[in-house]
Structures are given as structure tokens and as C-alpha cells.
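Q: Enclosed is the structure file data_30.cif (mmCIF, C-alpha atoms).
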data_upload
#
loop_
_atom_site.label_atom_id
_atom_site.label_comp_id
_atom_site.auth_asym_id
_atom_site.auth_seq_id
_atom_site.Cartn_x
_atom_site.Cartn_y
_atom_site.Cartn_z
CA MET A 1 -3.87 22.02 15.22
CA PRO A 2 -1.56 19.64 17.09
CA ASP A 3 1.89 19.01 15.72
CA SER A 4 1.23 15.91 13.65
CA SER A 5 4.85 14.81 13.71
CA MET A 6 4.66 14.01 17.39
CA PRO A 7 2.74 11.00 18.62
CA ASP A 8 -0.32 12.09 20.53
CA SER A 9 -1.81 9.77 23.11
CA SER A 10 -0.06 6.80 21.52
CA MET A 11 -1.23 3.35 22.42
CA PRO A 12 -0.37 2.98 26.07
CA SER A 13 0.24 -0.37 27.63
CA LEU A 14 0.74 -2.33 24.42
CA ASP A 15 2.85 -4.83 26.28
CA PRO A 16 5.68 -6.75 24.59
CA ARG A 17 3.65 -9.94 24.53
CA ASP A 18 0.80 -8.24 22.63
CA ARG A 19 3.22 -6.53 20.30
CA HIS A 20 4.84 -9.86 19.58
CA LEU A 21 1.47 -11.41 18.78
CA LEU A 22 0.66 -8.52 16.42
CA ASP A 23 4.06 -8.99 14.75
CA GLN A 24 3.21 -12.64 14.28
CA LEU A 25 -0.16 -11.75 12.89
CA ARG A 26 1.34 -9.42 10.33
CA THR A 27 3.89 -12.05 9.29
CA ALA A 28 1.10 -14.60 9.02
CA LEU A 29 -1.02 -12.31 6.82
CA ASP A 30 1.91 -11.33 4.59
CA GLN A 31 3.00 -14.92 4.11
CA THR A 32 -0.28 -16.81 3.88
CA GLU A 33 -1.68 -14.28 1.43
CA PRO A 34 0.72 -11.77 -0.07
CA VAL A 35 -0.86 -8.86 -1.91
CA PRO A 36 -1.24 -10.00 -5.56
CA ALA A 37 1.46 -8.64 -7.86
CA ALA A 38 -1.11 -7.07 -10.20
CA VAL A 39 -2.63 -5.14 -7.29
CA LEU A 40 0.79 -3.81 -6.29
CA THR A 41 1.60 -2.84 -9.87
CA ALA A 42 -1.67 -0.95 -10.24
CA ALA A 43 -1.15 0.75 -6.88
CA ARG A 44 2.30 1.99 -7.89
CA ALA A 45 0.98 3.21 -11.24
CA SER A 46 -1.76 5.24 -9.52
CA LEU A 47 0.58 8.15 -8.97
CA THR A 48 0.47 8.95 -12.69
CA TRP A 49 -3.07 10.24 -12.06
CA LEU A 50 -1.87 12.92 -9.68
CA THR A 51 -3.57 16.22 -10.50
CA ILE A 52 -2.88 19.37 -8.58
CA ASP A 53 -4.63 22.02 -10.67
CA ALA A 54 -8.20 20.80 -10.37
CA GLU A 55 -10.96 21.13 -7.81
CA LEU A 56 -11.81 17.74 -6.33
CA ALA A 57 -15.52 16.95 -6.64
CA THR A 58 -16.37 14.29 -4.11
CA LEU A 59 -19.12 11.72 -4.37
CA ALA A 60 -22.18 13.27 -2.77
CA GLU A 61 -24.78 10.72 -3.77
CA ASP A 62 -24.81 7.19 -5.15
CA SER A 63 -28.20 5.86 -6.16
CA ALA A 64 -26.93 2.31 -5.71
CA LEU A 65 -26.76 2.92 -1.99
CA LEU A 66 -30.09 4.65 -1.53
CA GLY A 67 -32.45 2.88 0.80
CA SER A 68 -29.59 0.70 1.98
CA SER A 69 -31.76 -2.31 1.33
CA VAL A 70 -30.03 -5.66 1.43
CA ARG A 71 -31.83 -6.60 -1.79
CA SER A 72 -29.83 -5.92 -4.93
CA ALA A 73 -32.57 -6.18 -7.55
CA PRO A 74 -33.85 -2.57 -7.38
CA ALA A 75 -30.34 -1.16 -7.61
CA LEU A 76 -29.61 -3.18 -10.73
CA ALA A 77 -32.91 -2.52 -12.45
CA THR A 78 -32.27 1.17 -13.11
CA PRO A 79 -29.09 2.97 -14.15
CA ARG A 80 -26.87 3.96 -11.26
CA VAL A 81 -26.70 7.72 -10.81
CA LEU A 82 -23.62 9.30 -9.26
CA THR A 83 -23.51 12.92 -8.13
CA PHE A 84 -20.21 14.70 -7.50
CA GLU A 85 -19.92 18.08 -5.85
CA CYS A 86 -17.26 20.63 -5.08
CA SER A 87 -17.35 24.29 -4.13
CA THR A 88 -17.27 25.34 -7.78
CA GLY A 89 -19.68 22.93 -9.35
CA VAL A 90 -21.65 19.73 -9.69
CA LEU A 91 -21.25 16.83 -12.07
CA VAL A 92 -23.82 14.07 -12.44
CA PHE A 93 -23.66 10.95 -14.54
CA GLU A 94 -25.45 7.66 -14.83
CA VAL A 95 -23.79 4.35 -15.49
CA THR A 96 -25.20 1.63 -17.73
CA PRO A 97 -23.40 -1.70 -17.57
CA ALA A 98 -22.83 -3.80 -20.69
CA GLY A 99 -20.68 -6.78 -19.80
CA GLU A 100 -17.22 -5.53 -18.89
CA ARG A 101 -17.98 -2.12 -20.38
CA ARG A 102 -19.85 0.82 -18.96
CA GLY A 103 -21.81 3.53 -20.72
CA ILE A 104 -21.62 6.90 -18.99
CA MET A 105 -24.11 9.67 -19.67
CA GLY A 106 -24.31 12.87 -17.69
CA GLN A 107 -24.05 16.59 -17.35
CA ALA A 108 -21.58 19.17 -16.13
CA ASP A 109 -22.47 22.75 -15.21
CA ARG A 110 -21.43 24.10 -18.60
CA ALA A 111 -19.66 23.14 -21.81
CA ALA A 112 -16.42 21.35 -21.11
CA HIS A 113 -13.67 19.14 -22.42
CA LEU A 114 -13.76 15.78 -20.64
CA LEU A 115 -11.02 13.36 -19.90
CA ILE A 116 -12.47 10.06 -18.71
CA ARG A 117 -9.81 8.25 -16.73
CA HIS A 118 -10.44 4.53 -16.34
CA SER A 119 -8.62 1.23 -16.04
CA GLY A 120 -8.23 1.06 -19.81
CA GLY A 121 -6.52 4.47 -20.06
CA THR A 122 -8.21 7.74 -20.96
CA ILE A 123 -11.01 8.78 -23.28
CA ASP A 124 -11.31 12.31 -24.67
CA ALA A 125 -14.77 13.78 -25.12
CA TYR A 126 -16.59 17.07 -25.38
CA THR A 127 -19.92 17.97 -23.85
CA ASP A 128 -22.55 19.78 -25.85
CA GLU A 129 -23.23 23.47 -25.22
CA TYR A 130 -25.31 22.60 -22.15
CA GLY A 131 -22.64 20.42 -20.59
CA ARG A 132 -24.27 17.12 -21.54
CA PHE A 133 -22.16 14.18 -22.57
CA ARG A 134 -22.24 10.49 -23.34
CA VAL A 135 -19.32 8.10 -23.50
CA ASP A 136 -19.32 4.37 -24.14
CA ASP A 137 -16.50 1.87 -23.82
CA VAL A 138 -15.46 2.79 -20.31
CA LEU A 139 -13.98 -0.30 -18.69
CA ALA A 140 -15.52 -1.63 -15.49
CA GLY A 141 -13.43 -0.61 -12.50
CA PRO A 142 -12.33 2.71 -11.00
CA VAL A 143 -13.25 5.78 -13.04
CA SER A 144 -12.70 9.52 -12.64
CA LEU A 145 -13.73 12.39 -14.91
CA ARG A 146 -11.64 15.47 -15.43
CA CYS A 147 -13.63 18.40 -16.66
CA THR A 148 -11.94 21.44 -18.24
CA PHE A 149 -14.39 24.23 -19.01
CA THR A 150 -14.01 25.66 -22.45
CA ASP A 151 -15.68 29.03 -22.24
CA ALA A 152 -15.21 30.29 -18.71
CA PRO A 153 -12.37 31.08 -16.35
CA HIS A 154 -13.35 28.27 -13.99
CA ALA A 155 -10.79 25.91 -12.54
CA PRO A 156 -11.01 22.35 -13.89
CA ILE A 157 -12.98 19.83 -11.85
CA VAL A 158 -11.91 16.27 -11.24
CA THR A 159 -14.27 13.70 -9.76
CA SER A 160 -13.26 11.40 -6.96
CA TRP A 161 -12.47 7.85 -8.10
CA VAL A 162 -15.35 5.43 -7.90
CA VAL A 163 -15.75 1.85 -9.09
CA VAL A 164 -18.40 1.48 -11.81
CA MET B 165 8.92 -24.35 17.48
CA VAL B 166 7.31 -21.00 17.40
CA ALA B 167 8.28 -18.83 14.48
CA THR B 168 9.73 -15.63 15.82
CA THR B 169 10.40 -12.39 14.10
CA PRO B 170 13.87 -10.87 14.34
CA ARG B 171 12.51 -8.06 16.48
CA ALA B 172 10.84 -10.28 19.02
CA SER B 173 13.75 -10.50 21.40
CA GLU B 174 14.40 -6.77 21.29
CA VAL B 175 10.77 -6.08 21.97
CA GLY B 176 10.72 -8.46 24.88
CA ALA B 177 13.87 -7.10 26.40
CA GLY B 178 13.65 -3.41 25.91
CA ALA B 179 10.19 -2.44 24.86
CA SER B 180 9.99 0.60 27.06
CA ALA B 181 13.25 1.91 25.66
CA LEU B 182 12.21 1.27 22.09
CA TYR B 183 8.70 2.59 22.50
CA PRO B 184 8.86 5.18 25.26
CA GLU B 185 5.63 6.78 24.10
CA HIS B 186 3.71 3.67 25.04
CA TYR B 187 4.59 4.04 28.64
CA PRO B 188 3.12 6.77 30.75
CA ALA B 189 5.62 9.00 32.47
CA GLY B 190 6.92 7.33 35.59
CA ARG B 191 6.36 3.80 34.34
CA GLY B 192 8.94 3.83 31.58
CA ALA B 193 12.30 2.36 32.48
CA GLY B 194 14.76 5.15 32.94
CA HIS B 195 13.19 7.92 30.90
CA PRO B 196 13.29 11.22 32.70
CA THR B 197 9.81 12.57 32.97
CA GLY B 198 9.01 15.79 31.22
CA VAL B 199 11.71 15.32 28.63
CA CYS B 200 10.57 14.85 25.08
CA VAL B 201 12.58 12.10 23.43
CA PRO B 202 11.67 12.04 19.76
CA THR B 203 14.06 9.21 19.05
CA GLY B 204 11.65 6.35 19.66
CA GLU B 205 10.57 4.25 16.73
CA VAL B 206 7.08 5.70 16.98
CA ALA B 207 8.12 9.26 16.30
CA VAL B 208 10.56 8.25 13.59
CA ASP B 209 7.90 6.12 11.94
CA ARG B 210 5.39 8.95 11.85
CA LEU B 211 7.98 11.36 10.51
CA ASP B 212 8.93 8.84 7.82
CA VAL B 213 5.35 8.46 6.70
CA ALA B 214 4.82 12.22 6.67
CA ALA B 215 7.99 12.75 4.63
CA LEU B 216 7.01 10.05 2.14
CA VAL B 217 3.54 11.53 1.77
CA ARG B 218 4.93 15.03 1.15
CA ALA B 219 7.41 13.74 -1.41
CA ALA B 220 4.74 11.69 -3.18
CA ALA B 221 2.49 14.75 -3.29
CA GLY B 222 5.27 16.40 -5.26
CA GLY B 223 5.24 13.54 -7.74
CA ASP B 224 8.12 11.50 -6.30
CA GLN B 225 7.49 7.99 -7.61
CA SER B 226 9.98 6.25 -5.32
CA ALA B 227 8.39 7.81 -2.25
CA TRP B 228 5.01 6.68 -3.53
CA ASN B 229 6.32 3.17 -4.12
CA ALA B 230 7.60 3.11 -0.54
CA LEU B 231 4.14 4.04 0.74
CA VAL B 232 2.56 1.33 -1.39
CA GLU B 233 5.13 -1.17 -0.18
CA ARG B 234 4.42 -0.26 3.41
CA PHE B 235 0.64 -0.18 3.41
CA ALA B 236 -0.51 -2.43 0.53
CA GLY B 237 -0.87 -5.32 2.98
CA LEU B 238 -2.92 -3.16 5.33
CA VAL B 239 -5.40 -2.25 2.58
CA TRP B 240 -5.57 -5.77 1.21
CA HIS B 241 -6.07 -7.53 4.51
CA VAL B 242 -8.59 -5.05 5.88
CA ALA B 243 -10.57 -5.70 2.67
CA ARG B 244 -10.21 -9.45 3.14
CA ALA B 245 -11.24 -9.04 6.78
CA HIS B 246 -14.56 -7.82 5.36
CA ARG B 247 -14.84 -11.16 3.51
CA LEU B 248 -14.46 -9.60 0.08
CA ASP B 249 -13.32 -12.01 -2.62
CA ALA B 250 -10.05 -11.38 -4.42
CA ALA B 251 -11.66 -9.47 -7.31
CA ASP B 252 -13.56 -7.12 -5.01
CA ALA B 253 -10.53 -6.71 -2.75
CA ALA B 254 -8.49 -5.75 -5.84
CA ASP B 255 -11.09 -3.13 -6.82
CA VAL B 256 -11.17 -1.74 -3.30
CA SER B 257 -7.37 -1.63 -3.14
CA GLN B 258 -7.11 0.21 -6.42
CA THR B 259 -9.81 2.68 -5.39
CA VAL B 260 -8.08 3.38 -2.08
CA TRP B 261 -4.73 4.05 -3.77
CA LEU B 262 -6.32 6.28 -6.40
CA ARG B 263 -8.20 8.15 -3.67
CA LEU B 264 -4.96 8.64 -1.79
CA VAL B 265 -3.34 10.05 -4.94
CA GLU B 266 -6.19 12.52 -5.42
CA SER B 267 -5.98 13.45 -1.72
CA LEU B 268 -2.19 13.89 -1.63
CA PRO B 269 -2.21 17.60 -2.52
CA ARG B 270 -4.95 18.22 0.04
CA LEU B 271 -3.90 16.25 3.12
CA ARG B 272 -3.50 18.48 6.13
CA GLU B 273 -1.92 15.85 8.32
CA PRO B 274 0.42 13.64 6.31
CA ALA B 275 1.35 11.58 9.39
CA ALA B 276 -2.28 10.51 9.74
CA VAL B 277 -2.26 8.66 6.40
CA PRO B 278 -2.33 5.15 7.92
CA GLY B 279 -5.59 6.01 9.68
CA TRP B 280 -6.90 7.62 6.51
CA ILE B 281 -6.10 4.40 4.63
CA VAL B 282 -8.01 2.23 7.11
CA THR B 283 -11.02 4.57 7.07
CA THR B 284 -11.16 4.73 3.27
CA THR B 285 -10.69 0.98 2.90
CA ARG B 286 -13.50 0.24 5.35
CA HIS B 287 -15.87 2.64 3.66
CA GLU B 288 -15.11 1.22 0.20
CA CYS B 289 -15.63 -2.32 1.50
CA LEU B 290 -19.01 -1.37 2.92
CA ARG B 291 -19.92 0.29 -0.38
CA VAL B 292 -19.07 -2.88 -2.31
CA ILE B 293 -20.98 -5.03 0.17
CA ARG B 294 -24.06 -2.83 0.09
CA ARG B 295 -24.06 -2.51 -3.69
CA SER B 296 -23.81 -6.25 -4.12
CA GLY B 297 -26.83 -6.72 -1.89
CA ARG B 298 -24.95 -8.89 0.54
CA GLU B 299 -25.39 -8.44 4.22
CA ILE B 300 -22.79 -6.41 6.00
CA PRO B 301 -20.72 -9.01 7.82
CA ASP B 302 -21.56 -8.84 11.47
CA ASP B 303 -20.16 -10.48 14.52
CA SER B 304 -21.95 -13.71 13.76
CA THR B 305 -20.26 -14.13 10.39
CA ARG B 306 -18.11 -17.19 10.41
CA LEU B 307 -15.95 -18.92 7.94
CA ALA B 308 -18.80 -20.66 6.15
CA GLU B 309 -18.20 -18.90 2.85
CA ARG B 310 -14.58 -19.88 2.73
CA PRO B 311 -14.61 -23.66 2.58
CA THR B 312 -11.60 -25.30 4.11
CA ALA B 313 -9.84 -27.85 1.95
CA ALA B 314 -8.95 -31.11 3.59
CA ASP B 315 -5.23 -30.38 3.63
CA ALA B 316 -5.91 -26.92 5.09
CA SER B 317 -7.85 -28.16 8.10
CA PRO B 318 -6.46 -27.02 11.44
CA GLU B 319 -5.45 -30.60 12.22
CA ALA B 320 -3.51 -31.01 8.99
CA LEU B 321 -1.87 -27.62 9.42
CA ALA B 322 -0.97 -28.35 13.03
CA GLU B 323 0.60 -31.63 11.97
CA ARG B 324 2.75 -29.86 9.45
CA GLY B 325 3.51 -27.20 11.98
CA GLU B 326 2.26 -24.38 9.81
CA GLN B 327 2.04 -21.83 12.53
CA ARG B 328 1.37 -18.95 10.17
CA ALA B 329 -1.57 -20.59 8.51
CA LEU B 330 -2.97 -21.37 11.94
CA VAL B 331 -2.61 -17.76 13.03
CA ARG B 332 -4.45 -16.74 9.87
CA LEU B 333 -7.23 -19.25 10.52
CA ALA B 334 -7.55 -18.04 14.09
CA LEU B 335 -7.94 -14.45 12.88
CA ASP B 336 -10.55 -15.49 10.33
CA ARG B 337 -12.67 -16.99 13.11
CA LEU B 338 -12.93 -13.70 15.01
CA PRO B 339 -15.83 -11.25 14.69
CA ILE B 340 -15.37 -8.57 12.03
CA ARG B 341 -14.67 -5.82 14.55
CA CYS B 342 -11.76 -7.78 15.95
CA ARG B 343 -10.51 -8.84 12.53
CA THR B 344 -10.42 -5.23 11.34
CA LEU B 345 -8.92 -3.84 14.52
CA LEU B 346 -6.21 -6.51 14.72
CA CYS B 347 -5.36 -6.14 11.01
CA ALA B 348 -5.02 -2.39 11.47
CA LEU B 349 -2.87 -2.83 14.58
CA ALA B 350 -0.73 -5.53 12.97
CA TYR B 351 0.29 -3.11 10.23
CA THR B 352 0.34 0.06 12.32
CA PRO B 353 1.17 -1.04 15.88
CA ASP B 354 2.24 2.50 16.70
CA ALA B 355 -1.06 4.14 15.80
CA SER B 356 -2.43 6.47 18.45
CA TYR B 357 -5.78 5.95 20.14
CA ALA B 358 -6.98 9.04 18.28
CA ASP B 359 -5.96 7.54 14.91
CA ILE B 360 -7.59 4.18 15.63
CA SER B 361 -10.70 5.86 16.97
CA ALA B 362 -11.13 7.87 13.78
CA ALA B 363 -10.24 4.97 11.49
CA LEU B 364 -12.63 2.47 13.03
CA ASP B 365 -15.41 4.78 14.21
CA MET B 366 -14.86 3.65 17.77
CA PRO B 367 -14.97 5.84 20.86
CA VAL B 368 -11.45 6.47 22.14
CA GLY B 369 -12.36 5.04 25.52
CA SER B 370 -13.39 1.68 24.14
CA ILE B 371 -10.27 1.01 22.09
CA GLY B 372 -8.10 -0.22 24.94
CA PRO B 373 -10.66 -2.70 26.27
CA THR B 374 -11.66 -3.82 22.75
CA ARG B 375 -8.05 -4.36 21.79
CA SER B 376 -7.45 -6.46 24.91
CA ARG B 377 -10.57 -8.50 24.28
CA CYS B 378 -9.69 -9.09 20.61
CA LEU B 379 -6.13 -10.15 21.43
CA GLN B 380 -7.51 -12.47 24.08
CA GLN B 381 -9.97 -13.98 21.60
CA LEU B 382 -7.19 -14.44 19.08
CA ARG B 383 -5.11 -16.30 21.65
CA ARG B 384 -8.09 -18.47 22.52
CA GLU B 385 -8.68 -19.31 18.84
CA LEU B 386 -5.01 -20.07 18.42
CA VAL B 387 -5.10 -22.59 21.22
CA ALA B 388 -8.42 -24.02 20.03
CA GLY B 389 -7.00 -24.36 16.52
CA GLY B 390 -4.01 -26.30 17.77
CA ALA B 391 -1.44 -23.55 17.31
CA VAL B 392 1.47 -23.25 19.66
CA GLU B 393 1.00 -20.52 22.25
CA PRO B 394 2.78 -17.72 20.44
CA GLU B 395 5.36 -16.82 23.01
#
Go ahead and express the file in the form of C-alpha cells.

A:
Amino acid sequence: MPDSSMPDSSMPSLDPRDRHLLDQLRTALDQTEPVPAAVLTAARASLTWLTIDAELATLAEDSALLGSSVRSAPALATPRVLTFECSTGVLVFEVTPAGERRGIMGQADRAAHLLIRHSGGTIDAYTDEYGRFRVDDVLAGPVSLRCTFTDAPHAPIVTSWVVV
Amino acid sequence: MVATTPRASEVGAGASALYPEHYPAGRGAGHPTGVCVPTGEVAVDRLDVAALVRAAAGGDQSAWNALVERFAGLVWHVARAHRLDAADAADVSQTVWLRLVESLPRLREPAAVPGWIVTTTRHECLRVIRRSGREIPDDSTRLAERPTAADASPEALAERGEQRALVRLALDRLPIRCRTLLCALAYTPDASYADISAALDMPVGSIGPTRSRCLQQLRRELVAGGAVEPE
């Protein structure tokens, strides 16, 4: 692996005139439309969700994107199903919208304690003995589930953030 | 008068000294060939980012805040370059920052975070666009969906000498590929070809020509929009 601290094949021939124009562009963007304060506040607060002891399960499949049709009707007609995978497990849940709230129903590999992390805070829940769960009152926006298995020596799983 | 940034004169006068890495050996003014000089702004910048990323991965809130401060505009304006409205751009921003937090303990190349940010932002924008059933904005997308108020017309802005608004309007008239590339470059002018290539899914060989063409188009739009030639 190359030493990442050294610039590799940096942009050659970015002449001063171009650099100046890019500087101007950045100033123009920053000043004509600064990042909204609420967005900055939320971004800073994101670090509180840092977890280092869990396996990250990334989004493997999103039913809302299947078919990649430009029509939205089919995607909205049925619940959206999200599948997350990591080397130690799979977690699937479907999302049912109800105004600004989302119902989440799904299954983990085995019985677990769930921490649903969403824009409204966190919700504690337990799956049944087969790993099935259902949670209402999740706020629309980014959501991530942390899954701590109750009866096995498996590392916790945390799902990648996704907007529901 | 053209609004200038404080760094403009330095850049004009001593660019090769400030950014030696941009100049192939032999073309730089006075840099001995074969000698690694890690004192340029490029190297320092990358080291800074890497250090901030490592500190944030350890839970350092002030390091994290510095990263947010530095790249929030990049995320926001790449999202806006995809024509997302403010609510969608806010969702995309928040998702990108949360994804970066979850990735912090796993990043193998902390210095590559700016490229990672652009990649993730683009992918999230495309996800939002596809889910909403809109068409992915292509090169024919124009400003139609963002109506221009009478007092924000190019003529009115030119009269008031609002150079920055004119630069913004000129950018908004470019094809999406140029908008995204120029946004990314505006916030990370020191990115390597390799970084840009990965972030924008563009072959390394086409970045130089595309960048030149996009900058040229921006200049043309600036002139067409009544802005002062930005020099």
C-alpha cells in the first residue's frame, strides 16, 4: 500500500489562474448558500454514534432501488425491504411509512437486544426467540440498528445508516 | 471590481513554490529534482486531514468538528449540484456524516477521506433521486426547476455587481458532471488524480481534459452571464 501521507500523482498543471477560479467558486458557494446551521449541528453531533465494538453490516439490498425504474409507484406500493450483511450475520427489515413515522419489522439471525438509533434518539427493543422484531415510532430520516445477541458469544452487529 | 481572495496574489506569484507537487520535476521553479519536499501545502493538508481523522476515530470531538467545518460545504454543495432540494440535501448530508462516523474505526487510508466523502455523497444523492422516481440529472438538465426571481436575474445581479451570485449561477448552468467535478475541486483543490478518479468514477486519463473543459465552460458561462472575467 502506498504511503497515504504523501501526495501521489497530485493534480499536475493546475495553473494559478484555474486555482484562482476554483477559489472564487468555493467562496461563491460558501457565501451564496452557506450550509444550514441545523445541518452543521447534526453533523457535529454524529460523533456520539461512534461504535467500535460492533461488526458493521452494510446495506446489501434495497428493494426501493430494484429495477431502477424511473417510476416511483411500484416502490411505494409495497413495504421497502432493506438487507444488511456482514461477515458474521444478516439483518433484514421492512419499512412501513406512516406520516413522519416509520414502522420497522424484521429479523436478525438469532435472539438479540436491539437499539434502534434514529433522528429522535434511541429505542430499546428485544427480538423474539427467533430474532424477529417490530418497532413503531421510528422517526423518518437516518436510522441504524445495533444488535447485541443475548445467548451467544457473537460480536454485536450494527447496520450502516440509511434514510427511511 | 473582481472580488479576490487573500490567497490570490500568493497563488499568482509563487504557485510552484507553494504547490511543488503540481509541477512535474524540471518544470517547478527552483526545486531540485529528486528531492522530496514535504513542506508544500498539499502534503501538510493531507497530513492534517489524516491526523484529524485518526483523532476523531478515537472519539475526539474537536477533531471531528474540524472535519465537519472543513468538508460540510463539500457535502452540501455536491448534493445541491445533483439538484436535490434543501430537505433532501440535509438528509444526504446527515447520512454522509453518520456513515463517516461508522467508517472511522475502519478507514485504512485516513488521508483519502475527502474522496470518500465525495463518493458517498454522490451515491446517496443517486439513491435519493432513484427512490423518488425522478430522473437522474443528466447533461441536459438545466435550471428549469429552480425559478429565478426577478431580482436574481443575471442582469439584476450584474447591475448590483454581485460577482459571487453570478459565479454561482454560472456553475448551476453547467452539466452535472462539471458541476460535481468543479464543486469537488473547489473544496479539495489538492486532490490527486487517483482520488478524483475514484470519487467521481472517472478514468484517471480523462480527468485532466474534463477539468480543463469544465473550467472553460464555467468561464464561458461567467462571461455570458455578465460576470467580470475572474482574473

Q: Which residues, written as a count of residues only, have at least one atom at most 9 Å from region 137-151 of chain A, with only C-alpha atoms counted and residues fewer than 2 positions away on the same chain left out?

A: 41

Q: In Å, rounded to a single decimal, give me how far CA of Pro367 (chain B) is from CA of Arg247 (chain B).

A: 24.3 Å

Q: One decimal, in Å: what's the spacing between CA of Ser257 (chain B) and CA of Trp240 (chain B)?

A: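 These two atoms are separated by 6.3 Å.
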
Q: Could you tell me which of B:Arg375, B:Arg234, B:Arg272, B:Arg383 comes closest to Arg337 (chain B) if we count only C-alpha atoms?

A: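 So, comparing all the options, the nearest one is B:Arg383.
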
Q: Just give me the gap between CA of Leu22 (chain A) and CA of Pro36 (chain A) in Å, one decimal is fine.

A: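 Interatomic distance here is 22.1 Å.
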